[in-house]
Amino acid sequence: MALPAESGKAAFVRAMFDRISPRYDFMNRLMTFGRDQAWRRRAIDLLELEPGAVMLDLGCGTGDLAAEAARRRAVAIGLDFSEGMLREAKGRDGGFALVRGDALAIPLASRSCDAIASGFALRNFSGLARVFGEWARVLKPGGRFALLEVDSPRNALLRLGHHTYFHGVVPLLGRLIADRSAYSYLSSSVAYLPAEHELFEMLRRAGFEALAKEHLLAGAVQIVTGRRAAERVQNDAGTF
Ligand SMILES: C[S@@+](CC[C@H](N)C(=O)[O-])C[C@H]1O[C@@H](n2cnc3c(N)ncnc32)[C@H](O)[C@@H]1O
């Protein structure tokens, strides 16, 4: 499907998640054969949260990452701009706080978080340099982030199988069960993901170090981690 232009992307994304929110969790479990929660647990493992650590789940949706952090006795805050997704998150007893807000202007004080987790939200954000500038602002020096996203396997045969599944089966399941255009968008939106070297360069410029990437499911899923450096470097967005 044709992706929305950058200027209309945020409104498009918010309206889409409002629409699919009641079926979002069900579709996630179905599309990933129930593996998605194990990936979220791994992302939270990589943050090495101490009890009482403050973790922001950015683009929290129904709050799976925040709930996992809360289970580990972190103080978890879920932030999202979709009312529908936040309504679903509120409906569970996840033991975390919820904030309605925009990843481009996080309504939290500078250096207020020990960690940030973000699951499958990156390709939905507009203005990544600005988003990463916000991460660097709200994280304490030494604070860690874990970014969980889809990826494409390196092996050609696996890539072909993955492409067929992700661009053929997923939109079909979405059309049958949830929302036709939303699940076509979710597949097509991988085009928004920067290549690994570009992503790492953006993160470095925003002031992150110790960047690493872990592959899951034969490379179909990635977790990128990093740490906020003590001294931050001015980034392109000039947000600090
Ligand atoms: C694919 S869902 C992921 C939800 C959840 N993190 C998960 O792991 O399932 C992406 C979420 O990011 C949110 N989102 C996208 N852009 C956002 C922005 N600029 N600010 C806040 N939330 C945003 C959407 O509303 C949506 O709930």
# chains A, B, ... in the order shown; residues from 1 in each chain; ligands from 1

call {"tool": "residues_near_ligand", "arguments": {"ligand": "ligand 1", "cutoff": "7 Å", "atoms": "only C-alpha atoms and all ligand atoms", "output": "VMD selection string"}}
result
chain A and resid 10 13 to 14 17 58 to 65 79 to 82 85 101 to 104 118 to 121 124 to 126

call {"tool": "residues_around", "arguments": {"residues": "segment 162-171 of chain A", "least_positions_apart": "5", "cutoff": "12 Å", "atoms": "only C-alpha atoms", "output": "JSON, numbers by chain"}}
result
{"A": [1, 27, 28, 29, 30, 31, 32, 33, 150, 151, 152, 153, 154, 155, 156, 157, 176, 177, 178, 179, 180, 181, 182, 183, 184, 185, 186, 187, 188, 189, 190, 191, 217, 218, 219, 220, 221]}

call {"tool": "residues_around", "arguments": {"residues": "Ala229 of chain A", "least_positions_apart": "4", "cutoff": "7 Å", "atoms": "only C-alpha atoms", "output": "list in words"}}
result
Pro141, Gly142, Gly207, Phe208 and Glu209 of chain A

call {"tool": "write_last_selection", "arguments": {"atoms": "N, CA and C atoms", "output": "PDB file, in the first residue's frame"}}
result
ATOM      1  N   PRO A 141      22.174   9.755  32.702  1.00  0.00           N
ATOM      2  CA  PRO A 141      23.432   9.272  32.134  1.00  0.00           C
ATOM      3  C   PRO A 141      23.636   7.799  32.529  1.00  0.00           C
ATOM      4  N   GLY A 142      24.003   6.991  31.584  1.00  0.00           N
ATOM      5  CA  GLY A 142      24.166   5.547  31.856  1.00  0.00           C
ATOM      6  C   GLY A 142      22.872   4.769  31.690  1.00  0.00           C
ATOM      7  N   GLY A 207      23.580  10.807  21.256  1.00  0.00           N
ATOM      8  CA  GLY A 207      24.308  10.690  22.519  1.00  0.00           C
ATOM      9  C   GLY A 207      24.285   9.301  23.131  1.00  0.00           C
ATOM     10  N   PHE A 208      24.097   8.276  22.293  1.00  0.00           N
ATOM     11  CA  PHE A 208      24.088   6.902  22.823  1.00  0.00           C
ATOM     12  C   PHE A 208      25.372   6.170  22.447  1.00  0.00           C
ATOM     13  N   GLU A 209      25.746   5.241  23.327  1.00  0.00           N
ATOM     14  CA  GLU A 209      26.955   4.446  23.085  1.00  0.00           C
ATOM     15  C   GLU A 209      26.653   2.982  23.417  1.00  0.00           C
TER      16      GLU A 209
END

call {"tool": "select_by_dssp", "arguments": {"residues": "segment 142-226 of chain A", "states": "strand (DSSP E)", "output": "list in words"}}
result
Gly142, Gly143, Arg144, Phe145, Ala146, Leu147, Leu148, Glu149, Val150, Phe208, Glu209, Ala210, Leu211, Ala212, Lys213, Glu214, His215, Leu216, Val221, Gln222, Ile223, Val224, Thr225 and Gly226 of chain A

call {"tool": "write_last_selection", "arguments": {"atoms": "N, CA and C atoms", "output": "CSV table (one decimal), in the first residue's frame"}}
result
chain,number,residue,atom,x,y,z
A,142,GLY,N,24.0,7.0,31.6
A,142,GLY,CA,24.2,5.5,31.9
A,142,GLY,C,22.9,4.8,31.7
A,143,GLY,N,21.8,5.5,31.5
A,143,GLY,CA,20.5,4.8,31.3
A,143,GLY,C,20.4,4.0,30.0
A,144,ARG,N,19.7,2.9,30.0
A,144,ARG,CA,19.7,2.0,28.8
A,144,ARG,C,18.4,2.1,28.1
A,145,PHE,N,18.5,1.8,26.8
A,145,PHE,CA,17.2,1.6,26.0
A,145,PHE,C,17.3,0.2,25.3
A,146,ALA,N,16.1,-0.3,25.1
A,146,ALA,CA,15.9,-1.5,24.3
A,146,ALA,C,14.8,-1.3,23.3
A,147,LEU,N,15.2,-1.5,22.0
A,147,LEU,CA,14.3,-1.2,20.9
A,147,LEU,C,14.0,-2.5,20.2
A,148,LEU,N,12.7,-2.9,20.3
A,148,LEU,CA,12.3,-4.2,19.7
A,148,LEU,C,11.5,-3.8,18.4
A,149,GLU,N,12.0,-4.4,17.3
A,149,GLU,CA,11.3,-4.1,16.0
A,149,GLU,C,11.4,-5.3,15.1
A,150,VAL,N,10.6,-5.3,14.1
A,150,VAL,CA,10.7,-6.3,13.0
A,150,VAL,C,12.0,-6.0,12.2
A,208,PHE,N,24.1,8.3,22.3
A,208,PHE,CA,24.1,6.9,22.8
A,208,PHE,C,25.4,6.2,22.4
A,209,GLU,N,25.7,5.2,23.3
A,209,GLU,CA,27.0,4.4,23.1
A,209,GLU,C,26.7,3.0,23.4
A,210,ALA,N,27.7,2.1,23.3
A,210,ALA,CA,27.5,0.7,23.5
A,210,ALA,C,26.3,0.1,22.8
A,211,LEU,N,26.2,0.5,21.5
A,211,LEU,CA,25.1,0.1,20.7
A,211,LEU,C,25.3,-1.4,20.3
A,212,ALA,N,24.2,-2.2,20.3
A,212,ALA,CA,24.3,-3.6,19.9
A,212,ALA,C,23.0,-4.0,19.4
A,213,LYS,N,23.1,-5.1,18.5
A,213,LYS,CA,21.8,-5.6,18.0
A,213,LYS,C,21.8,-7.1,18.2
A,214,GLU,N,20.6,-7.5,18.6
A,214,GLU,CA,20.4,-9.0,18.8
A,214,GLU,C,19.3,-9.4,17.8
A,215,HIS,N,19.6,-10.6,17.1
A,215,HIS,CA,18.6,-11.1,16.2
A,215,HIS,C,17.8,-12.1,16.9
A,216,LEU,N,16.5,-12.1,16.6
A,216,LEU,CA,15.6,-13.2,17.1
A,216,LEU,C,14.8,-13.8,15.9
A,221,VAL,N,13.2,-10.6,13.6
A,221,VAL,CA,13.0,-9.6,14.7
A,221,VAL,C,14.3,-9.1,15.2
A,222,GLN,N,14.4,-7.9,15.6
A,222,GLN,CA,15.7,-7.3,16.2
A,222,GLN,C,15.4,-6.6,17.5
A,223,ILE,N,16.4,-6.7,18.3
A,223,ILE,CA,16.4,-5.8,19.5
A,223,ILE,C,17.7,-5.0,19.5
A,224,VAL,N,17.6,-3.7,19.4
A,224,VAL,CA,18.8,-2.8,19.5
A,224,VAL,C,18.8,-2.2,20.9
A,225,THR,N,20.0,-2.3,21.4
A,225,THR,CA,20.2,-1.7,22.8
A,225,THR,C,21.3,-0.7,22.8
A,226,GLY,N,21.3,0.1,23.8
A,226,GLY,CA,22.4,1.1,23.9
A,226,GLY,C,22.3,1.8,25.2

call {"tool": "closest_residue", "arguments": {"among": "A:Glu134, A:Asp57, A:Glu83, A:Glu50", "to": "Ala109 of chain A", "atoms": "only C-alpha atoms"}}
result
A:Glu134
